[in-house]
Amino acid sequence: MYFDEAPKCSRHDFYNFDRELKLLMDSIRQGTRLIVVKGLRRTGKTSLVLTALSELHYPYLLLDARLFSAAPTVPRAELLRALERGLNEFLLREKFGKRILNLFRGVRGIEVEFPPPRVRIAWEPRHGTDPLDVITRLTELAQQRQRRLILVLDEAHELRRISGYNFVSLMAHLYDYVRGVQLVVTGSQVGVLDDFMGAE
């Protein structure tokens with residue numbers, strides 16, 4: 001499927017990036033807490049990350065911030081919609097089944113449906129879900145299997161557009177206090193990404 005423009009997730013379809021793939025896989029295996037993948041748009045960053053995770057069989061949650069690129073500001077509800085989408089893809093991929101009932105018990109604003117396992121996240125401010133609660137619970141579930149959770153933030157610099165939510169603070173908290181999570185961040189606007197993350 002070399003002429004399919006969608007991101008690749010299989011080594012069979014992914015080529016010319018053997019060195020980068022090995023470097024990324026080694027960094028994930030070693031438990032590097034924050035991994036940054038930079039490059040121009042459409043050069044294979046997402047394919048690189050997805051192929052590495054497919055090869056390693058690590059549980060991962062992908063938050064696709066490309067969805068936010070068209071708007072100057074993004075309401076917090078849009079962040080929760082993107083989180084809901086990524087969470088449902090995670091549940092289908094990992095096949096955790098009814099264990100997610102206990103996993104999300106007590107998390108504000110989350111409803112669980114069966115079958116198949118699917119979550120709905122409340123977007124209203126009064127009942128809204130805190131993304132930190134969701135990521136922390138998924139990390140606990142991964143650790144029960146003696147694995148780490150990989151949180152992938154694709155085109156992370158777009159997260160700066162979210163109004164009323166400081167995503168950099170969330171990343172800092174995860175990095176400092178949630179030991180079972182690794183952050184993999186991609187970005188095509190390299191200077192903007194560095195500014196967003198406070199690279200200096």
# chains A, B, ... in the order shown; residues from 1 in each chain; ligands from 1
>>> closest_atom_pairs(of="segment 139-196 of chain A", to="segment 46-56 of chain A", cutoff="12 Å", atoms="only C-alpha atoms", output="tab-separated table")
residue	atom	partner	partner_atom	distance
A:Arg147	CA	A:Leu56	CA	10.9
A:Arg148	CA	A:Leu56	CA	11.3
A:Leu149	CA	A:Leu53	CA	10.7
A:Ile150	CA	A:Leu53	CA	8.5
A:Leu151	CA	A:Leu53	CA	10.9
A:Val152	CA	A:Val49	CA	8.3
A:Leu153	CA	A:Thr46	CA	9.8
A:Asp154	CA	A:Thr46	CA	7.0
A:Glu155	CA	A:Thr46	CA	9.0
A:Ala156	CA	A:Thr46	CA	11.7
A:Gln182	CA	A:Leu53	CA	12.0
A:Leu183	CA	A:Val49	CA	11.5
A:Val184	CA	A:Val49	CA	8.1
A:Val185	CA	A:Val49	CA	9.3
A:Thr186	CA	A:Thr46	CA	7.5
A:Gly187	CA	A:Thr46	CA	9.6
A:Ser188	CA	A:Thr46	CA	10.7
>>> closest_atom_pairs(of="segment 30-107 of chain A", to="segment 123-141 of chain A", cutoff="12 Å", atoms="only C-alpha atoms", output="CSV")
residue,atom,partner,partner_atom,distance
A:Tyr58,CA,A:Thr139,CA,11.6
A:Pro59,CA,A:Leu138,CA,9.2
A:Tyr60,CA,A:Leu138,CA,9.2
A:Leu61,CA,A:Ile135,CA,8.4
A:Leu62,CA,A:Ile135,CA,11.0
A:Leu63,CA,A:Pro131,CA,11.0
A:Pro75,CA,A:Trp123,CA,10.0
A:Arg76,CA,A:Trp123,CA,7.9
A:Ala77,CA,A:Trp123,CA,5.1
A:Glu78,CA,A:Trp123,CA,8.2
A:Leu79,CA,A:Pro131,CA,8.8
A:Leu80,CA,A:Trp123,CA,6.4
A:Arg81,CA,A:Trp123,CA,7.7
A:Ala82,CA,A:Pro131,CA,10.6
A:Leu83,CA,A:Pro131,CA,7.5
A:Glu84,CA,A:Pro131,CA,9.7
A:Gly86,CA,A:Ile135,CA,11.1
A:Leu87,CA,A:Val134,CA,8.7
A:Asn88,CA,A:Val134,CA,11.9
A:Phe90,CA,A:Leu138,CA,9.6
A:Leu91,CA,A:Leu138,CA,10.0
A:Glu94,CA,A:Leu141,CA,10.8
A:Lys95,CA,A:Leu141,CA,11.9
A:Phe96,CA,A:Leu141,CA,9.0
A:Gly97,CA,A:Leu141,CA,11.9
A:Arg99,CA,A:Leu141,CA,8.9
A:Ile100,CA,A:Leu141,CA,8.7
A:Leu101,CA,A:Arg137,CA,11.4
A:Asn102,CA,A:Arg137,CA,9.9
A:Leu103,CA,A:Arg137,CA,6.3
A:Phe104,CA,A:Arg137,CA,7.1
A:Arg105,CA,A:Arg137,CA,9.8
A:Gly106,CA,A:Asp133,CA,9.9
A:Val107,CA,A:Asp133,CA,6.8
>>> write_last_selection(atoms="N, CA, C and O atoms", output="compact mmCIF listing (two decimals), in the first residue's frame")
# COMPACT_ATOMS: atom_id res chain seq x y z
N TYR A 58 2.99 -1.88 22.36
CA TYR A 58 2.72 -1.11 23.57
C TYR A 58 1.33 -0.48 23.45
O TYR A 58 0.94 -0.03 22.37
N PRO A 59 0.58 -0.43 24.55
CA PRO A 59 -0.70 0.28 24.51
C PRO A 59 -0.45 1.78 24.37
O PRO A 59 0.42 2.34 25.03
N TYR A 60 -1.22 2.40 23.47
CA TYR A 60 -1.02 3.83 23.27
C TYR A 60 -2.35 4.53 23.05
O TYR A 60 -3.31 3.96 22.54
N LEU A 61 -2.37 5.78 23.47
CA LEU A 61 -3.50 6.68 23.25
C LEU A 61 -3.02 7.79 22.35
O LEU A 61 -2.05 8.48 22.68
N LEU A 62 -3.66 7.95 21.18
CA LEU A 62 -3.27 8.97 20.22
C LEU A 62 -4.25 10.13 20.27
O LEU A 62 -5.45 9.95 20.12
N LEU A 63 -3.72 11.32 20.49
CA LEU A 63 -4.52 12.54 20.44
C LEU A 63 -4.08 13.31 19.19
O LEU A 63 -2.94 13.80 19.12
N PRO A 75 -12.34 25.59 21.52
CA PRO A 75 -13.00 25.41 22.83
C PRO A 75 -12.54 24.12 23.51
O PRO A 75 -12.17 23.15 22.84
N ARG A 76 -12.60 24.12 24.82
CA ARG A 76 -12.21 22.92 25.58
C ARG A 76 -13.04 21.72 25.17
O ARG A 76 -12.55 20.58 25.20
N ALA A 77 -14.29 21.94 24.77
CA ALA A 77 -15.15 20.83 24.34
C ALA A 77 -14.54 20.09 23.16
O ALA A 77 -14.69 18.86 23.04
N GLU A 78 -13.84 20.80 22.27
CA GLU A 78 -13.21 20.14 21.12
C GLU A 78 -12.06 19.24 21.56
O GLU A 78 -11.82 18.19 20.97
N LEU A 79 -11.34 19.66 22.59
CA LEU A 79 -10.31 18.81 23.15
C LEU A 79 -10.91 17.51 23.69
O LEU A 79 -10.39 16.42 23.46
N LEU A 80 -12.05 17.62 24.37
CA LEU A 80 -12.68 16.43 24.93
C LEU A 80 -13.24 15.53 23.82
O LEU A 80 -13.23 14.31 23.96
N ARG A 81 -13.72 16.12 22.73
CA ARG A 81 -14.17 15.31 21.59
C ARG A 81 -13.00 14.52 21.00
O ARG A 81 -13.13 13.35 20.66
N ALA A 82 -11.85 15.19 20.86
CA ALA A 82 -10.66 14.50 20.34
C ALA A 82 -10.20 13.41 21.30
O ALA A 82 -9.79 12.32 20.87
N LEU A 83 -10.29 13.68 22.60
CA LEU A 83 -9.93 12.68 23.59
C LEU A 83 -10.88 11.49 23.53
O LEU A 83 -10.46 10.33 23.60
N GLU A 84 -12.18 11.75 23.37
CA GLU A 84 -13.16 10.68 23.25
C GLU A 84 -12.86 9.80 22.03
O GLU A 84 -12.90 8.57 22.11
N GLY A 86 -9.95 9.38 20.47
CA GLY A 86 -8.73 8.61 20.72
C GLY A 86 -8.95 7.49 21.72
O GLY A 86 -8.40 6.39 21.58
N LEU A 87 -9.77 7.75 22.73
CA LEU A 87 -10.04 6.76 23.76
C LEU A 87 -10.81 5.57 23.18
O LEU A 87 -10.51 4.41 23.49
N ASN A 88 -11.79 5.83 22.32
CA ASN A 88 -12.56 4.74 21.72
C ASN A 88 -11.71 3.91 20.76
O ASN A 88 -11.86 2.68 20.69
N PHE A 90 -8.54 3.45 21.20
CA PHE A 90 -7.72 2.69 22.14
C PHE A 90 -8.47 1.45 22.64
O PHE A 90 -7.92 0.34 22.66
N LEU A 91 -9.72 1.62 23.02
CA LEU A 91 -10.49 0.50 23.57
C LEU A 91 -10.72 -0.59 22.54
O LEU A 91 -10.64 -1.78 22.85
N GLU A 94 -7.16 -2.33 22.00
CA GLU A 94 -6.56 -3.07 23.11
C GLU A 94 -7.46 -4.17 23.64
O GLU A 94 -7.02 -5.03 24.38
N LYS A 95 -8.76 -4.14 23.32
CA LYS A 95 -9.69 -5.20 23.71
C LYS A 95 -9.69 -5.45 25.23
O LYS A 95 -9.52 -6.56 25.70
N PHE A 96 -9.89 -4.38 25.98
CA PHE A 96 -9.94 -4.52 27.43
C PHE A 96 -11.31 -4.99 27.92
O PHE A 96 -11.47 -5.35 29.07
N GLY A 97 -12.31 -4.94 27.06
CA GLY A 97 -13.62 -5.46 27.42
C GLY A 97 -14.23 -4.74 28.61
O GLY A 97 -14.08 -3.54 28.80
N ARG A 99 -13.57 -4.64 31.64
CA ARG A 99 -12.73 -4.07 32.69
C ARG A 99 -12.78 -2.55 32.72
O ARG A 99 -12.46 -1.94 33.74
N ILE A 100 -13.17 -1.95 31.60
CA ILE A 100 -13.21 -0.49 31.60
C ILE A 100 -14.34 0.05 32.46
O ILE A 100 -14.32 1.21 32.85
N LEU A 101 -15.33 -0.80 32.80
CA LEU A 101 -16.38 -0.34 33.71
C LEU A 101 -15.78 0.07 35.05
O LEU A 101 -16.10 1.13 35.60
N ASN A 102 -14.92 -0.79 35.60
CA ASN A 102 -14.26 -0.46 36.85
C ASN A 102 -13.22 0.63 36.66
O ASN A 102 -13.01 1.48 37.53
N LEU A 103 -12.58 0.62 35.49
CA LEU A 103 -11.52 1.58 35.22
C LEU A 103 -12.02 3.02 35.34
O LEU A 103 -11.39 3.87 35.95
N PHE A 104 -13.21 3.29 34.76
CA PHE A 104 -13.71 4.65 34.72
C PHE A 104 -14.75 4.93 35.79
O PHE A 104 -15.37 5.99 35.77
N ARG A 105 -14.95 4.00 36.71
CA ARG A 105 -15.89 4.26 37.80
C ARG A 105 -15.40 5.44 38.64
O ARG A 105 -14.25 5.48 39.09
N GLY A 106 -16.26 6.41 38.81
CA GLY A 106 -15.91 7.57 39.61
C GLY A 106 -15.27 8.70 38.83
O GLY A 106 -15.01 9.76 39.41
N VAL A 107 -15.01 8.49 37.53
CA VAL A 107 -14.45 9.58 36.72
C VAL A 107 -15.61 10.45 36.23
O VAL A 107 -16.52 9.96 35.55
>>> atom_distance(atom1="atom CA of Glu20 of chain A", atom2="atom CA of Ile35 of chain A")
12.4 Å
>>> select_by_dssp(residues="segment 9-106 of chain A", states="strand (DSSP E or B)", output="PyMOL selection string")
chain A and resi 34-38+60-64+74
>>> residues_around(residues="Arg41 of chain A", least_positions_apart="2", cutoff="9 Å", atoms="only C-alpha atoms", output="PDB file with C-alpha atoms, in the first residue's frame")
ATOM      1  CA  GLY A  39       9.891  17.203  10.668  1.00  0.00           C
ATOM      2  CA  THR A  43       7.231  13.435   5.724  1.00  0.00           C
ATOM      3  CA  GLY A  44       6.124  10.402   7.743  1.00  0.00           C
ATOM      4  CA  LYS A  45       6.245  11.418  11.411  1.00  0.00           C
ATOM      5  CA  GLY A 187       5.428  18.556  15.368  1.00  0.00           C
ATOM      6  CA  SER A 188       5.948  20.076  11.943  1.00  0.00           C
ATOM      7  CA  GLN A 189       6.183  23.743  12.969  1.00  0.00           C
TER       8      GLN A 189
END
>>> select_by_dssp(residues="segment 2-176 of chain A", states="helix (DSSP H, G or I)", output="MDAnalysis selection string")
chainID A and resid 11:13 18:29 45:56 65:68 76:94 99:103 131:144 156:161 167:176
>>> atom_distance(atom1="atom CA of Ser163 of chain A", atom2="atom CA of Phe68 of chain A")
11.5 Å
>>> atom_distance(atom1="atom CA of Phe114 of chain A", atom2="atom CA of Gln144 of chain A")
22.2 Å
